[in-house]
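Heads up, upload.txt below (compact mmCIF, C-alpha atoms):
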# COMPACT_ATOMS: atom_id res chain seq x y z
CA MET A 2 -57.65 -0.18 49.75
CA GLN A 3 -57.12 2.24 52.62
CA SER A 4 -53.97 4.32 52.72
CA PRO A 5 -51.75 4.42 55.83
CA THR A 6 -53.19 7.82 56.74
CA GLN A 7 -56.73 6.46 56.58
CA ILE A 8 -55.78 3.38 58.61
CA ILE A 9 -54.24 5.46 61.40
CA TRP A 10 -57.08 8.00 61.29
CA GLU A 11 -59.64 5.22 61.68
CA ALA A 12 -57.65 3.61 64.51
CA LEU A 13 -57.57 6.94 66.37
CA GLY A 14 -61.33 7.29 66.13
CA ARG A 15 -61.50 9.63 63.13
CA PRO A 16 -60.32 12.86 64.81
CA GLU A 17 -62.06 15.91 63.41
CA GLN A 18 -60.25 17.88 60.73
CA GLU A 19 -60.63 21.66 60.65
CA ARG A 20 -61.27 22.44 56.99
CA PRO A 21 -64.61 22.67 55.09
CA ALA A 22 -65.45 19.37 53.42
CA GLU A 23 -67.67 18.63 50.45
CA GLU A 24 -68.90 15.70 48.39
CA SER A 25 -66.03 14.08 46.52
CA TYR A 26 -65.63 10.68 44.89
CA SER A 27 -62.16 11.34 43.52
CA ASN A 28 -58.90 9.92 44.82
CA CYS A 29 -56.95 11.88 47.40
CA ALA A 30 -54.17 13.95 45.85
CA LEU A 31 -51.89 13.17 48.80
CA CYS A 32 -52.30 9.45 49.55
CA GLY A 33 -53.99 8.32 46.34
CA ALA A 34 -56.80 6.42 48.08
CA SER A 35 -60.50 7.11 47.57
CA CYS A 36 -61.98 10.08 49.43
CA ASN A 37 -64.99 7.82 50.11
CA GLY A 38 -67.55 10.45 49.24
CA ILE A 39 -66.21 13.35 51.34
CA GLY A 40 -63.12 15.42 50.65
CA VAL A 41 -61.51 18.83 51.04
CA THR A 42 -60.35 20.79 48.01
CA PHE A 43 -56.59 20.75 47.60
CA LYS A 44 -56.45 24.53 47.96
CA ASN A 45 -58.34 24.46 51.26
CA GLY A 46 -56.77 21.30 52.63
CA ILE A 47 -53.08 22.06 52.09
CA SER A 48 -51.24 25.13 53.36
CA ASP A 49 -49.38 27.50 51.05
CA SER A 50 -46.08 26.37 52.58
CA PHE A 51 -46.52 22.79 51.31
CA SER A 52 -43.60 21.81 49.07
CA ASP A 53 -43.62 18.00 48.77
CA TYR A 54 -45.34 17.95 45.38
CA ARG A 55 -43.01 15.24 44.08
CA ASP A 56 -44.49 12.85 46.67
CA LEU A 57 -48.15 13.29 45.71
CA GLU A 58 -49.72 9.93 44.87
CA SER A 59 -52.30 11.60 42.62
CA PRO A 60 -50.69 14.84 41.36
CA GLY A 61 -53.74 15.85 39.34
CA GLY A 62 -56.14 15.30 42.23
CA THR A 63 -58.50 18.13 43.10
CA HIS A 64 -59.36 16.92 46.61
CA CYS A 65 -57.72 15.47 49.70
CA CYS A 66 -59.34 12.89 51.96
CA GLU A 67 -60.29 13.97 55.48
CA ALA A 68 -57.66 11.67 56.97
CA CYS A 69 -54.83 13.38 55.09
CA VAL A 70 -56.13 16.85 55.86
CA TRP A 71 -56.27 15.93 59.56
CA SER A 72 -52.72 14.52 59.43
CA MET A 73 -51.37 17.82 58.06
CA GLN A 74 -52.87 20.06 60.75
CA GLY A 75 -52.33 20.70 64.46
CA ARG A 76 -49.73 22.37 66.67
CA PRO A 77 -47.05 20.78 68.84
CA PRO A 78 -47.34 18.46 70.58
CA LYS A 79 -50.75 17.62 69.08
CA THR A 80 -49.58 17.30 65.52
CA ILE A 81 -48.91 13.94 63.96
CA ARG A 82 -45.70 15.08 62.21
CA MET A 83 -43.88 15.23 65.56
CA TRP A 84 -44.30 11.55 66.31
CA SER A 85 -42.84 8.36 64.88
CA ILE A 86 -45.71 5.97 64.20
CA LEU A 87 -45.91 2.17 64.22
CA TRP A 88 -49.06 0.26 63.36
CA ARG A 89 -49.43 -3.50 63.13
CA GLU A 90 -52.55 -5.25 61.90
CA ASP A 91 -52.22 -7.79 64.73
CA GLY A 92 -52.20 -4.98 67.30
CA LEU A 93 -49.00 -6.19 68.98
CA VAL A 94 -47.46 -2.82 69.79
CA PRO A 95 -46.66 -1.21 73.16
CA PRO A 96 -48.58 1.85 74.42
CA SER A 97 -47.56 5.19 73.00
CA ARG A 98 -44.92 7.16 74.84
CA GLU A 99 -46.10 9.16 77.83
CA GLY A 100 -46.99 12.66 76.70
CA CYS A 101 -48.26 11.59 73.31
CA PRO A 102 -51.75 13.09 72.75
CA TRP A 103 -53.00 9.86 71.15
CA GLN A 104 -53.15 6.78 73.33
CA VAL A 105 -55.08 4.00 71.58
CA PRO A 106 -54.54 0.22 71.37
CA GLY A 107 -52.85 -0.96 68.20
CA VAL A 108 -51.00 2.27 67.40
CA HIS A 109 -47.60 3.08 68.93
CA MET A 110 -46.24 6.61 68.78
CA SER A 111 -42.96 7.77 70.23
CA ASN A 112 -40.13 10.26 69.76
CA LYS A 113 -36.40 9.76 69.34
CA ALA A 114 -35.98 9.14 73.07
CA ASP A 115 -37.25 5.57 72.63
CA LEU A 116 -37.48 3.86 69.26
CA THR A 117 -37.10 0.33 70.59
CA ALA A 118 -40.38 -0.99 69.19
CA PHE A 119 -39.58 0.40 65.73
CA PHE A 120 -36.10 -1.09 65.70
CA GLN A 121 -37.38 -4.52 66.74
CA VAL A 122 -39.92 -4.58 63.92
CA LEU A 123 -37.27 -3.72 61.32
CA LEU A 124 -35.03 -6.51 62.60
CA ASN A 125 -37.91 -9.01 62.63
CA PRO A 126 -40.79 -7.79 60.45
CA PRO A 127 -44.20 -9.21 61.45
CA ARG A 128 -46.20 -11.58 59.28
CA CYS A 129 -49.09 -9.16 59.05
CA LYS A 130 -49.71 -5.75 57.49
CA TRP A 131 -47.73 -2.96 59.13
CA ILE A 132 -46.86 0.72 58.74
CA MET A 133 -43.91 2.73 60.00
CA THR A 134 -42.94 6.40 59.84
CA LEU A 135 -39.86 7.81 61.59
CA ALA A 136 -39.79 11.49 62.54
CA ASP A 137 -36.40 13.12 63.05
CA SER A 138 -36.89 16.90 62.84
CA GLY A 139 -40.58 16.94 63.78
CA GLN A 140 -41.14 19.41 60.92
CA ILE A 141 -41.88 17.02 58.05
CA HIS A 142 -45.24 15.49 57.17
CA LEU A 143 -44.67 11.75 56.79
CA LEU A 144 -47.89 9.82 57.18
CA PRO A 145 -49.62 10.77 53.88
CA PHE A 146 -46.63 9.37 51.99
CA ALA A 147 -46.11 6.17 53.97
CA LYS A 148 -46.63 2.64 52.61
CA VAL A 149 -48.48 -0.41 53.91
CA ASN A 150 -46.12 -3.38 54.20
CA MET A 151 -47.62 -6.74 53.28
CA PRO A 152 -47.05 -9.91 55.32
CA THR A 153 -45.59 -12.02 52.52
CA ALA A 154 -43.32 -9.38 50.98
CA LYS A 155 -39.57 -10.08 50.91
CA SER A 156 -38.81 -6.39 51.43
CA TRP A 157 -40.36 -3.54 53.37
CA THR A 158 -40.67 0.23 52.91
CA ILE A 159 -40.72 2.80 55.72
CA ARG A 160 -40.76 6.59 55.68
CA LEU A 161 -37.90 8.54 57.32
CA GLU A 162 -38.41 12.29 56.96
CA ARG A 163 -38.75 12.90 53.18
CA ASN A 164 -37.34 9.54 52.13
CA ASP A 165 -38.91 6.17 51.41
CA ILE A 166 -36.42 3.54 52.52
CA LYS A 167 -36.78 0.03 51.12
CA CYS A 168 -34.81 -2.97 52.33
CA ASN A 169 -34.89 -6.76 52.20
CA ARG A 170 -35.79 -8.55 55.42
CA GLU A 171 -32.40 -10.29 55.50
CA ASP A 172 -30.21 -7.28 54.70
CA PHE A 173 -31.16 -4.82 57.44
CA PRO A 174 -30.04 -6.92 60.45
CA MET A 175 -26.69 -7.45 58.72
CA ILE A 176 -26.25 -3.73 58.00
CA VAL A 177 -27.13 -2.85 61.60
CA SER A 178 -24.72 -5.43 63.00
CA HIS A 179 -21.70 -4.06 61.12
CA ALA A 180 -22.66 -0.42 61.69
CA GLU A 181 -23.07 -1.02 65.40
CA ALA A 182 -19.68 -2.73 65.68
CA LEU A 183 -17.97 0.29 64.13
CA TYR A 184 -19.92 2.70 66.33
CA ARG A 185 -18.96 0.80 69.47
CA ALA A 186 -15.34 0.90 68.32
CA GLY A 187 -15.48 4.70 68.30
CA PHE A 188 -16.15 5.60 64.67
CA VAL A 189 -18.62 8.48 64.24
CA LYS A 190 -21.80 8.19 62.21
CA ASP A 191 -20.42 10.05 59.18
CA ASP A 192 -17.45 7.66 59.06
CA ILE A 193 -19.86 4.74 59.00
CA MET A 194 -22.34 6.34 56.62
CA TYR A 195 -19.88 7.35 53.91
CA GLY A 196 -16.95 5.01 54.55
CA GLN A 197 -14.36 7.78 54.49
CA PRO A 198 -12.82 8.11 57.96
CA GLN A 199 -9.46 9.80 58.36
CA SER A 200 -6.52 7.40 58.19
CA SER A 201 -5.54 8.44 61.68
CA MET A 202 -9.00 7.48 62.91
CA ILE A 203 -8.74 4.01 61.37
CA TYR A 204 -5.42 3.34 63.11
CA LYS A 205 -6.66 4.83 66.37
CA ARG A 206 -9.89 2.84 66.45
CA GLY A 207 -8.56 -0.34 64.88
CA ILE A 208 -7.59 -1.11 61.32
CA ASN A 209 -8.72 -4.73 61.59
CA ILE A 210 -12.19 -3.84 62.84
CA TRP A 211 -12.55 -1.32 60.03
CA LYS A 212 -11.46 -3.90 57.44
CA GLU A 213 -13.95 -6.43 58.78
CA HIS A 214 -17.01 -4.28 59.29
CA GLY A 215 -16.27 -1.41 56.93
CA GLY A 216 -15.51 -3.93 54.21
CA ALA A 217 -18.88 -5.62 54.75
CA LEU A 218 -20.65 -2.25 54.52
CA LYS A 219 -18.85 -1.13 51.36
CA PRO A 220 -21.83 -1.82 49.04
CA TRP A 221 -24.05 0.22 51.38
CA PHE A 222 -21.92 3.36 51.88
CA GLY A 223 -24.06 6.44 51.23
CA SER A 224 -27.26 4.41 50.98
CA LYS A 225 -30.63 5.13 52.55
CA GLN A 226 -30.51 1.70 54.20
CA LEU A 227 -27.29 2.57 56.03
CA GLU A 228 -28.70 6.00 56.90
CA LEU A 229 -31.60 4.21 58.58
CA ALA A 230 -29.24 1.95 60.51
CA THR A 231 -27.19 4.90 61.80
CA PHE A 232 -30.41 6.69 62.74
CA PHE A 233 -30.94 4.05 65.42
CA LEU A 234 -27.39 4.16 66.80
CA ARG A 235 -27.26 5.63 70.32
CA LYS A 236 -24.44 5.72 72.83
CA GLU A 237 -26.54 3.86 75.38
CA LYS A 238 -28.11 1.34 72.94
Would you kindly transcribe this structure into structure tokens?
Amino acid sequence: MQSPTQIIWEALGRPEQERPAEESYSNCALCGASCNGIGVTFKNGISDSFSDYRDLESPGGTHCCEACVWSMQGRPPKTIRMWSILWREDGLVPPSREGCPWQVPGVHMSNKADLTAFFQVLLNPPRCKWIMTLADSGQIHLLPFAKVNMPTAKSWTIRLERNDIKCNREDFPMIVSHAEALYRAGFVKDDIMYGQPQSSMIYKRGINIWKEHGGALKPWFGSKQLELATFFLRKEK
């Protein structure tokens, strides 16, 4: 089975990676998928500054696939780590944001200025395979550690910076709804995320609205699922 990196790499026309490759039939140390006969040694494929060893799918792997090596290289803006990525097997995604170096059907890339397509998929996950990574800082490599979501699964997993975030299809719209209500009422993201606003803030913004929506979010305070919901909150949306 192809990894998310390999799927995106194929969809983009197999962009050339810059490191010396050799024959390899091992699994990729980064994504865990087969190198399909050609790989780059881990030492040559990964920079000395790499630190995400806990996320390696095959920690003992000696090689990386060409797709993963490509995904780890490049300079802004032509580096995949700067862009949030959405792929759907059915191809129903909008064009990538203007200015994105990769403009191909079936793959949507954007930055934090417009994450509408990503948000819509999380609220209503498609009944096909799909992949999502969300870049915040633009400094973190996400794609090699992403997951392929299956059409019949009751939950999904997306990658936000260094975190895998898993949620049930039914839970995320509910979390978003309550978080948004508090945000519109004037509570800041940290209030919503950790559930510890100042007492004066509760009375200023509305004790009843906090009881209603804060109470509903109580099981989610401090969770990665709520962090994802607040990531999408914007003053204008």
message: I'd like to know which of A:Asn209, A:Ser201, A:Asn169, A:Asn37 is closest to A:Leu124, using all atoms listed in the file.
response: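 That would be A:Asn169, the residue with the smallest distance to A:Leu124.
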statement: Counting all atoms listed in the file, the residue among A:His64, A:Lys212, A:Arg98, A:Arg89 that lies closest to A:Pro152 is A:Arg89
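Using all atoms listed in the file, the shortest contact distance between A:Arg76 and any of A:Gly139, A:Tyr184, A:Ile159, A:Val94 is found at A:Gly139.
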task: Within 12 Å of A:Ser35, counting all atoms listed in the file, which residues show up once you throw out same-chain ones fewer than 5 positions away? Write them as a ChimeraX atom specification, please.
output: /A:2-4,6-7,25-30,40,58-59,62,64-69
message: Which residues are close to A:Glu23, i.e. within 9 Å by all atoms listed in the file, leaving aside same-chain residues fewer than 4 positions away? Reply as a ChimeraX atom specification.
response: /A:38-42
- request: Scan for residues within 10 Å of the point (-52.6, 6.3, 60.4) in the coordinates of the file, using only C-alpha atoms, and reply as a PyMOL selection string.
  value: chain A and resi 3-13+15+68-69+72+81+86-88+108+132-134+144-145+147
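Note that atom CA of A:Cys129 and atom CA of A:Gly92 are 9.8 Å apart.
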